[in-house]
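Structure file work-v2.cif; described as mmCIF, C-alpha atoms.
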data_input
#
loop_
_atom_site.label_atom_id
_atom_site.label_comp_id
_atom_site.auth_asym_id
_atom_site.auth_seq_id
_atom_site.Cartn_x
_atom_site.Cartn_y
_atom_site.Cartn_z
CA MET L 1 212.29 -224.91 135.56
CA LEU L 2 215.46 -226.97 135.64
CA SER L 3 218.72 -225.76 134.23
CA ARG L 4 220.23 -228.07 131.68
CA GLY L 5 222.34 -230.72 133.35
CA ALA L 6 221.26 -229.65 136.83
CA ARG L 7 220.47 -232.22 139.48
CA VAL L 8 216.84 -232.26 140.62
CA GLN L 9 216.41 -230.28 143.84
CA PRO L 10 213.67 -230.62 146.46
CA LEU L 11 210.64 -228.44 145.85
CA ILE L 12 211.19 -225.01 147.42
CA LEU L 13 208.21 -222.82 148.24
CA LEU L 14 209.44 -219.24 147.89
CA PRO L 15 208.11 -216.31 149.86
CA ILE L 16 205.73 -214.42 147.61
CA ARG L 17 204.79 -210.97 148.82
CA TYR L 18 201.12 -210.07 148.38
CA SER L 19 199.91 -206.56 149.10
CA SER L 20 196.45 -205.10 148.95
CA THR L 21 195.04 -201.68 149.63
CA SER L 22 192.74 -201.48 152.61
CA ASN L 23 189.72 -200.34 150.63
CA ASN L 24 189.35 -203.27 148.25
CA GLY L 25 186.90 -205.13 150.46
CA VAL L 26 189.03 -208.27 150.87
CA LYS L 27 189.37 -209.47 154.43
CA GLY L 28 192.86 -210.81 154.96
CA LEU L 29 194.97 -213.21 152.92
CA PRO L 30 194.14 -216.85 152.18
CA GLU L 31 195.81 -219.36 154.48
CA GLU L 32 197.82 -220.71 151.54
CA VAL L 33 199.30 -217.28 150.88
CA ARG L 34 200.10 -216.70 154.54
CA LYS L 35 202.02 -220.00 154.62
CA LYS L 36 204.05 -218.96 151.58
CA LEU L 37 204.99 -215.71 153.27
CA THR L 38 206.73 -217.63 156.07
CA GLN L 39 208.62 -220.14 153.92
CA GLY L 40 211.53 -220.08 151.50
CA PRO L 41 214.98 -218.51 151.47
CA GLY L 42 215.86 -215.32 153.27
CA LEU L 43 218.73 -212.90 152.75
CA GLY L 44 221.14 -215.38 154.37
CA ASP L 45 220.43 -217.93 151.66
CA PHE L 46 221.47 -215.46 148.98
CA ILE L 47 224.66 -214.61 150.86
CA GLU L 48 225.52 -218.31 151.38
CA TYR L 49 224.93 -219.11 147.71
CA GLY L 50 228.08 -217.31 146.63
CA GLY L 51 227.23 -217.66 142.94
CA LYS L 52 226.99 -214.83 140.46
CA LEU L 53 223.57 -213.16 140.33
CA LYS L 54 224.20 -210.48 137.69
CA ARG L 55 226.08 -210.07 134.43
CA GLU L 56 227.92 -206.77 134.12
CA LYS L 57 228.01 -204.73 130.93
CA GLY L 58 230.16 -206.46 128.32
CA GLU L 59 229.82 -209.91 129.95
CA TYR L 60 228.02 -212.58 127.94
CA GLU L 61 228.26 -215.79 129.96
CA ARG L 62 225.10 -217.60 130.93
CA LEU L 63 224.33 -217.28 134.66
CA SER L 64 223.82 -220.53 136.56
CA LEU L 65 220.33 -221.07 137.94
CA PRO L 66 220.39 -220.48 141.72
CA PRO L 67 219.09 -223.38 143.86
CA TRP L 68 216.04 -221.43 145.07
CA LEU L 69 214.73 -221.30 141.49
CA LYS L 70 215.03 -225.03 140.77
CA ARG L 71 211.85 -227.06 140.94
CA SER L 72 211.23 -230.80 141.18
CA ILE L 73 210.10 -232.79 138.14
CA PRO L 74 206.24 -232.65 137.98
CA GLN L 75 204.56 -235.89 139.02
CA GLY L 76 201.67 -237.32 141.04
CA GLU L 77 198.10 -238.49 140.48
CA ASN L 78 196.55 -235.04 140.08
CA PHE L 79 199.24 -233.95 137.62
CA SER L 80 198.81 -237.07 135.48
CA LYS L 81 195.00 -236.83 135.58
CA LEU L 82 194.92 -233.21 134.45
CA LYS L 83 197.45 -233.84 131.68
CA SER L 84 195.34 -236.75 130.43
CA GLN L 85 192.16 -234.65 130.41
CA LEU L 86 193.86 -231.87 128.46
CA ARG L 87 195.19 -234.28 125.84
CA THR L 88 191.82 -236.04 125.47
CA LYS L 89 190.05 -232.77 124.69
CA LYS L 90 192.95 -231.52 122.52
CA LEU L 91 193.51 -228.48 124.72
CA HIS L 92 196.74 -226.55 125.19
CA THR L 93 198.07 -224.79 128.28
CA VAL L 94 200.50 -221.93 128.62
CA CYS L 95 201.84 -223.87 131.61
CA GLU L 96 203.41 -226.39 129.22
CA GLU L 97 204.11 -224.22 126.20
CA ALA L 98 205.88 -221.48 128.21
CA ARG L 99 207.64 -224.03 130.45
CA CYS L 100 206.29 -222.48 133.63
CA PRO L 101 208.28 -223.50 136.74
CA ASN L 102 205.08 -223.74 138.83
CA ILE L 103 203.40 -226.42 136.71
CA GLY L 104 203.97 -229.16 139.28
CA GLU L 105 202.40 -227.12 142.07
CA CYS L 106 199.41 -225.84 140.09
CA TRP L 107 198.61 -229.09 138.28
CA GLY L 108 199.40 -231.28 141.26
CA GLY L 109 196.98 -229.34 143.43
CA GLY L 110 198.24 -230.80 146.70
CA GLU L 111 196.25 -232.12 149.59
CA GLY L 112 192.88 -230.37 149.88
CA HIS L 113 193.40 -228.28 146.74
CA THR L 114 191.96 -228.51 143.25
CA ALA L 115 194.43 -228.74 140.39
CA THR L 116 194.31 -225.70 138.10
CA ALA L 117 195.75 -224.77 134.74
CA THR L 118 195.84 -221.76 132.45
CA ILE L 119 194.16 -222.80 129.22
CA MET L 120 195.65 -221.47 125.99
CA VAL L 121 193.14 -221.09 123.15
CA LEU L 122 193.62 -220.38 119.45
CA GLY L 123 196.16 -223.18 119.10
CA ASP L 124 199.73 -223.63 120.27
CA THR L 125 201.50 -221.61 117.55
CA CYS L 126 202.07 -217.85 117.76
CA THR L 127 202.50 -215.42 114.88
CA ARG L 128 205.02 -213.40 116.88
CA GLY L 129 208.53 -214.21 118.04
CA CYS L 130 209.25 -212.55 121.36
CA ARG L 131 212.81 -213.28 122.51
CA PHE L 132 211.78 -214.38 126.02
CA CYS L 133 209.05 -216.87 125.04
CA SER L 134 209.42 -220.54 124.11
CA ILE L 135 206.04 -220.96 122.40
CA LYS L 136 206.55 -222.06 118.79
CA THR L 137 205.95 -219.53 116.03
CA SER L 138 204.75 -219.41 112.43
CA LYS L 139 203.53 -216.78 109.98
CA ALA L 140 200.59 -219.03 109.11
CA PRO L 141 199.47 -221.19 112.07
CA PRO L 142 196.71 -223.79 111.63
CA PRO L 143 193.17 -222.36 111.79
CA PRO L 144 191.53 -222.29 115.23
CA ASP L 145 189.58 -225.38 116.27
CA PRO L 146 185.87 -224.41 116.14
CA GLU L 147 185.12 -226.94 118.88
CA GLU L 148 187.73 -225.47 121.24
CA PRO L 149 185.41 -223.03 123.11
CA TYR L 150 182.94 -225.83 123.92
CA ASN L 151 185.64 -228.37 124.78
CA THR L 152 187.36 -225.86 127.03
CA ALA L 153 184.12 -225.13 128.88
CA GLN L 154 183.39 -228.83 129.39
CA ALA L 155 186.90 -229.57 130.65
CA ILE L 156 186.73 -226.72 133.15
CA LYS L 157 183.27 -227.82 134.28
CA ASP L 158 184.66 -231.30 135.03
CA TRP L 159 187.47 -229.81 137.16
CA GLY L 160 185.00 -228.00 139.42
CA VAL L 161 187.25 -224.94 139.88
CA GLY L 162 185.93 -221.53 140.92
CA TYR L 163 188.50 -219.41 139.03
CA ILE L 164 190.00 -220.06 135.61
CA VAL L 165 192.48 -218.20 133.40
CA ILE L 166 192.11 -218.23 129.61
CA THR L 167 195.01 -216.97 127.52
CA SER L 168 196.10 -217.28 123.91
CA VAL L 169 198.91 -216.96 121.45
CA ASP L 170 199.01 -213.91 119.18
CA ARG L 171 197.06 -214.50 115.97
CA ASP L 172 197.95 -211.59 113.70
CA ASP L 173 196.91 -213.81 110.78
CA LEU L 174 193.23 -213.56 111.78
CA PRO L 175 191.19 -210.45 110.83
CA ASP L 176 189.92 -210.02 114.42
CA GLY L 177 193.09 -211.29 116.10
CA GLY L 178 191.06 -214.20 117.45
CA SER L 179 188.95 -211.97 119.69
CA ASN L 180 185.63 -213.58 118.73
CA HIS L 181 187.04 -217.04 119.46
CA PHE L 182 188.22 -215.73 122.82
CA ALA L 183 184.80 -214.27 123.61
CA GLN L 184 183.01 -217.43 122.54
CA THR L 185 185.18 -219.43 124.93
CA VAL L 186 184.23 -217.15 127.83
CA MET L 187 180.53 -217.41 126.98
CA GLU L 188 180.68 -221.21 126.77
CA ILE L 189 182.43 -221.37 130.14
CA LYS L 190 179.83 -219.11 131.75
CA LYS L 191 177.02 -221.12 130.15
CA ALA L 192 178.40 -224.35 131.60
CA ASN L 193 179.06 -222.79 135.01
CA PRO L 194 177.62 -219.29 135.61
CA SER L 195 179.29 -218.93 139.01
CA ILE L 196 182.86 -219.47 137.81
CA LEU L 197 185.16 -216.44 137.65
CA VAL L 198 186.98 -216.04 134.34
CA GLU L 199 190.21 -214.12 133.78
CA CYS L 200 191.29 -213.48 130.20
CA LEU L 201 195.02 -212.92 129.70
CA CYS L 202 194.86 -211.43 126.23
CA PRO L 203 197.26 -210.40 123.47
CA ASP L 204 197.21 -206.78 122.34
CA PHE L 205 195.13 -207.52 119.20
CA ALA L 206 197.50 -205.11 117.40
CA GLY L 207 195.84 -202.29 119.34
CA ASP L 208 192.42 -202.90 117.71
CA LYS L 209 189.91 -201.44 120.18
CA THR L 210 187.00 -203.26 118.52
CA ALA L 211 188.72 -206.57 119.24
CA VAL L 212 189.34 -205.52 122.84
CA ASP L 213 185.65 -204.59 123.18
CA THR L 214 184.63 -208.02 121.90
CA VAL L 215 186.56 -209.70 124.71
CA ILE L 216 185.75 -207.36 127.61
CA LYS L 217 182.01 -207.50 126.82
CA SER L 218 181.93 -211.32 126.73
CA GLY L 219 181.10 -211.68 130.43
CA LEU L 220 184.64 -212.10 131.77
CA ASP L 221 185.56 -211.00 135.30
CA VAL L 222 189.23 -209.98 134.93
CA PHE L 223 190.92 -208.53 131.85
CA ALA L 224 194.69 -209.04 131.83
CA HIS L 225 197.34 -208.02 129.33
CA ASN L 226 201.03 -208.18 130.14
CA ILE L 227 203.30 -205.19 129.62
CA GLU L 228 206.14 -207.75 130.07
CA THR L 229 209.09 -205.37 130.48
CA VAL L 230 210.07 -201.72 130.76
CA GLU L 231 209.67 -199.38 127.79
CA GLU L 232 213.40 -199.08 127.09
CA LEU L 233 213.82 -202.87 126.75
CA THR L 234 210.59 -203.58 124.86
CA PRO L 235 212.14 -203.49 121.33
CA HIS L 236 214.88 -205.88 122.50
CA VAL L 237 212.64 -208.28 124.44
CA ARG L 238 209.32 -208.39 122.59
CA ASP L 239 208.34 -208.87 118.97
CA HIS L 240 208.49 -205.64 116.96
CA ARG L 241 204.68 -205.66 116.68
CA ALA L 242 204.31 -205.66 120.47
CA LYS L 243 204.75 -202.04 121.48
CA TYR L 244 204.88 -200.69 125.04
CA ARG L 245 202.49 -197.78 124.44
CA GLN L 246 200.18 -200.05 122.46
CA SER L 247 199.92 -202.39 125.44
CA LEU L 248 199.18 -199.48 127.78
CA GLY L 249 196.50 -198.31 125.34
CA VAL L 250 194.80 -201.71 125.42
CA LEU L 251 194.71 -201.74 129.22
CA ARG L 252 193.52 -198.12 129.38
CA HIS L 253 190.75 -198.73 126.84
CA ALA L 254 189.47 -201.76 128.76
CA LYS L 255 189.21 -199.75 131.99
CA ASP L 256 187.73 -196.67 130.30
CA THR L 257 185.08 -198.78 128.57
CA LEU L 258 184.11 -200.85 131.64
CA PRO L 259 185.29 -199.01 134.77
CA ASP L 260 184.08 -201.79 137.10
CA LEU L 261 186.11 -204.44 135.25
CA VAL L 262 189.18 -205.62 137.19
CA THR L 263 192.33 -205.19 135.07
CA LYS L 264 195.74 -206.75 135.55
CA SER L 265 199.27 -206.74 134.07
CA SER L 266 202.66 -208.35 134.69
CA ILE L 267 206.33 -207.35 134.60
CA MET L 268 209.37 -209.64 134.23
CA LEU L 269 212.51 -208.65 136.13
CA GLY L 270 216.09 -209.69 135.44
CA LEU L 271 216.37 -208.55 131.83
CA GLY L 272 218.64 -205.60 132.56
CA GLU L 273 216.07 -203.03 133.66
CA THR L 274 216.91 -200.35 136.22
CA ASP L 275 214.92 -199.56 139.36
CA ASP L 276 213.88 -196.21 137.88
CA GLN L 277 212.56 -197.97 134.79
CA VAL L 278 210.55 -200.47 136.84
CA MET L 279 209.10 -197.62 138.89
CA GLN L 280 208.10 -195.77 135.74
CA THR L 281 206.45 -198.91 134.36
CA MET L 282 204.39 -199.30 137.54
CA LEU L 283 203.42 -195.63 137.38
CA ASP L 284 202.40 -196.05 133.72
CA LEU L 285 200.27 -199.09 134.58
CA LYS L 286 198.60 -197.23 137.42
CA GLU L 287 197.90 -194.25 135.16
CA ALA L 288 196.31 -196.65 132.65
CA GLY L 289 193.86 -197.76 135.33
CA VAL L 290 195.38 -201.18 136.01
CA ASP L 291 194.09 -202.63 139.30
CA CYS L 292 196.49 -205.53 139.87
CA VAL L 293 200.13 -206.11 139.00
CA THR L 294 202.50 -209.07 139.30
CA LEU L 295 206.31 -209.06 139.20
CA GLY L 296 208.39 -212.19 138.67
CA GLN L 297 211.85 -213.39 137.68
CA TYR L 298 212.59 -213.88 133.98
CA MET L 299 214.07 -217.35 133.41
CA GLN L 300 215.68 -218.27 130.10
CA PRO L 301 213.54 -221.10 128.64
CA THR L 302 216.17 -222.41 126.17
CA LYS L 303 219.67 -221.47 124.99
CA ARG L 304 218.11 -219.80 121.95
CA HIS L 305 216.33 -217.20 124.06
CA LEU L 306 217.48 -214.08 125.89
CA LYS L 307 219.95 -214.71 128.67
CA VAL L 308 219.13 -213.67 132.21
CA VAL L 309 220.98 -210.46 133.08
CA GLU L 310 220.23 -210.67 136.80
CA TYR L 311 218.63 -213.01 139.33
CA VAL L 312 216.69 -210.57 141.47
CA THR L 313 216.76 -211.19 145.22
CA VAL L 314 213.72 -211.80 147.43
CA PRO L 315 214.28 -208.53 149.36
CA ALA L 316 214.14 -206.64 146.05
CA PHE L 317 210.86 -208.33 145.13
CA GLU L 318 209.49 -207.45 148.57
CA LYS L 319 210.43 -203.83 147.91
CA TRP L 320 208.36 -203.79 144.72
CA ALA L 321 205.42 -205.27 146.60
CA ARG L 322 205.60 -202.36 149.02
CA VAL L 323 205.83 -199.93 146.09
CA GLY L 324 202.72 -201.47 144.55
CA ASP L 325 200.89 -201.01 147.83
CA GLU L 326 202.02 -197.39 148.11
CA LEU L 327 200.91 -196.66 144.54
CA GLY L 328 197.43 -197.96 145.35
CA PHE L 329 197.20 -201.16 143.33
CA LYS L 330 194.41 -203.35 144.69
CA TYR L 331 196.70 -206.36 144.50
CA THR L 332 200.44 -206.79 144.02
CA ALA L 333 202.16 -210.17 143.81
CA SER L 334 205.95 -210.00 143.73
CA GLY L 335 208.41 -212.89 144.01
CA PRO L 336 210.98 -214.92 142.02
CA LEU L 337 208.50 -217.57 140.90
CA VAL L 338 205.44 -215.35 140.57
CA ARG L 339 203.90 -215.58 137.11
CA SER L 340 201.01 -213.59 135.60
CA SER L 341 198.76 -216.60 136.31
CA TYR L 342 199.48 -218.34 139.58
CA ARG L 343 197.21 -220.56 141.66
CA ALA L 344 197.88 -218.99 145.07
CA GLY L 345 197.33 -215.50 143.71
CA GLU L 346 194.10 -216.38 141.96
CA PHE L 347 192.45 -217.25 145.27
CA PHE L 348 193.14 -213.72 146.51
CA LEU L 349 192.23 -212.08 143.20
CA ALA L 350 188.86 -213.85 143.31
CA GLY L 351 188.12 -211.96 146.53
CA ILE L 352 188.80 -208.64 144.82
CA VAL L 353 186.46 -209.52 141.94
CA LYS L 354 183.66 -210.54 144.30
CA ALA L 355 184.11 -207.39 146.37
CA GLN L 356 183.98 -205.27 143.20
CA LYS L 357 180.79 -207.02 142.04
CA LYS L 358 179.17 -206.42 145.44
CA LYS L 359 180.16 -202.76 145.38
CA SER L 360 178.78 -202.32 141.84
CA SER L 361 175.46 -203.98 142.73
CA GLN L 362 175.03 -201.70 145.74
CA GLN L 363 175.64 -198.60 143.65
CA SER L 364 173.18 -199.61 140.90
#
Show me the file's structure as structure tokens.
Amino acid sequence: MLSRGARVQPLILLPIRYSSTSNNGVKGLPEEVRKKLTQGPGLGDFIEYGGKLKREKGEYERLSLPPWLKRSIPQGENFSKLKSQLRTKKLHTVCEEARCPNIGECWGGGEGHTATATIMVLGDTCTRGCRFCSIKTSKAPPPPDPEEPYNTAQAIKDWGVGYIVITSVDRDDLPDGGSNHFAQTVMEIKKANPSILVECLCPDFAGDKTAVDTVIKSGLDVFAHNIETVEELTPHVRDHRAKYRQSLGVLRHAKDTLPDLVTKSSIMLGLGETDDQVMQTMLDLKEAGVDCVTLGQYMQPTKRHLKVVEYVTVPAFEKWARVGDELGFKYTASGPLVRSSYRAGEFFLAGIVKAQKKKSSQQS
């Protein structure tokens, strides 16, 4: 993401720390991840920057975006091709709607890599108004497109990817929260390509366990729901209908119902949380049975949204990766530009899913 008025900087690949417990059956990290671990700024870059990284209590100025968080303007043949395909099939992506800073890397693919995107179903308008999110909102969004599940499946089939993430806006206006539409999308994807791995990054469905069951029993491989922030900041950061304990309940129910299902959640840092609060959040996620966790830097999408309180350093993100490993998460991704859905991480997560499937088949 570019700060307003900022000059375009060269693309910087940041070091993203990936940890995994030794018993998850995954042999080593993908080459792409190993390369990322050896690139990007170190502690010296933060010291040389000299800019302000944190607002103190009572300060209200907007922090300038550090150079290591600036990305180049997306471009290239793969990027243009994928954007054209999405528009042709009238599909939306969270990559665009949430102004993700990694869109150029994921859509562009790069030499030898397939371009990927996180498809957003149920339209592009949310019924909630979280203060960190730039997706447009309305109390009465347009009805879901009945052709969207099929169109999504066909688009993904054309891309030839092995792992895809499906997410959605919140649809509190629908009796089932959109869960049946979500499930239908998964089933259409699996019908078009049975071997593809599908992750669903779901809303909380207002805590409705029946809606959660509809999604987790659709044939998906990974169930994800983001806790977003620590409990103390939840009322300030998220919509009033998005409750911390409600989110934990959704994740816990998914794991209790299907113990072999891989579950995942994500935490944003830089909103004013303390280390103790982050630790408690990770402990809460672990207690809820969450297998995988990601931690990334919150970045203010527009001037209307919450300001960044702190730009967290790479060493701090590396510390949380070690904590995730010590707590026993099967997978922890922690870095400034890590997002809940991220191409490099999905390669590694696919290995965990396949290992879990193999383990389950041997036990049955």
Non-local contacts of Tyr163 (chain L) (6 Å; only C-alpha atoms; under 3 positions in same chain excluded) as a tab-separated table (two decimals) with C-alpha atoms, keeping the file's coordinate frame:
chain	number	residue	atom	x	y	z
L	196	ILE	CA	182.86	-219.47	137.81
L	197	LEU	CA	185.16	-216.44	137.65
L	198	VAL	CA	186.98	-216.04	134.34
note = Atom pair CA of Val262 (chain L) + CA of Ala224 (chain L), distance 8.4 Å
ask   = Please, what distance in Å, to one decimal, runs between CA of Lys307 (chain L) and CA of Gly129 (chain L)?
value =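 One can read the CA of Lys307 (chain L) to CA of Gly129 (chain L) distance as 15.6 Å.
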message = the PyMOL selection byres ((chain L and resi 144-159) around 7) - which residues does that actually catch in the file I just gave you? List them as a ChimeraX atom specification.
response = /L:89,122-123,142-143,160-161,184-185,188-189,192-193
Write the residues of the preceding selection, restricted to C-alpha atoms, as a PDB file, in the frame of the given file.
ATOM      1  CA  LYS L  89     190.050-232.770 124.690  1.00  0.00           C
ATOM      2  CA  LEU L 122     193.620-220.380 119.450  1.00  0.00           C
ATOM      3  CA  GLY L 123     196.160-223.180 119.100  1.00  0.00           C
ATOM      4  CA  PRO L 142     196.710-223.790 111.630  1.00  0.00           C
ATOM      5  CA  PRO L 143     193.170-222.360 111.790  1.00  0.00           C
ATOM      6  CA  GLY L 160     185.000-228.000 139.420  1.00  0.00           C
ATOM      7  CA  VAL L 161     187.250-224.940 139.880  1.00  0.00           C
ATOM      8  CA  GLN L 184     183.010-217.430 122.540  1.00  0.00           C
ATOM      9  CA  THR L 185     185.180-219.430 124.930  1.00  0.00           C
ATOM     10  CA  GLU L 188     180.680-221.210 126.770  1.00  0.00           C
ATOM     11  CA  ILE L 189     182.430-221.370 130.140  1.00  0.00           C
ATOM     12  CA  ALA L 192     178.400-224.350 131.600  1.00  0.00           C
ATOM     13  CA  ASN L 193     179.060-222.790 135.010  1.00  0.00           C
TER      14      ASN L 193
END
inquiry  = What's around Leu53 (chain L) at 8 Å? Count all atoms listed in the file, leave out sequence neighbours fewer than 3 positions away in its own chain, and write the answer as a list in words.
reply    = Leu63, Glu310, Tyr311 and Val312 of chain L
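Among the candidate residues L:Glu199, L:Glu318, L:Asp256, L:Glu61, the one lying nearest to Leu220 (chain L) is L:Glu199, with distances computed using all atoms listed in the file.
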query = For this file, the PyMOL selection byres ((chain L and resi 179) around 8) selects which residues, as a list in words?
reply = Asp176, Gly177, Gly178, Asn180, His181, Phe182, Ala183, Phe205, Ala211, Val212, Thr214 and Val215 of chain L
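Restricting the calculation to all atoms listed in the file, the smallest distance between Lys330 (chain L) and any of L:Leu233, L:Leu295, L:Ala316, L:Val353 is found for L:Val353.
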task = Would you translate the PyMOL selection byres ((chain L and resi 291) around 12) into the concrete set of residues it matches in this file, as a PyMOL selection string?
result = chain L and resi 20-21+24+222-225+251-252+254-255+259-266+282-290+292-294+324-325+327-333+349+352-353+356
ask   = Got a sec to check which residues sit within 9 Å of (208.9, -201.0, 130.6), counting all atoms listed in the file, and write them as a ChimeraX atom specification?
value = /L:227-234,244,267,273,277-282,284
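The shortest atom-to-atom distance to Met268 (chain L), with all atoms listed in the file taken into account, belongs to L:Val338 out of L:Leu306, L:Met120, L:Val338, L:Ala206.
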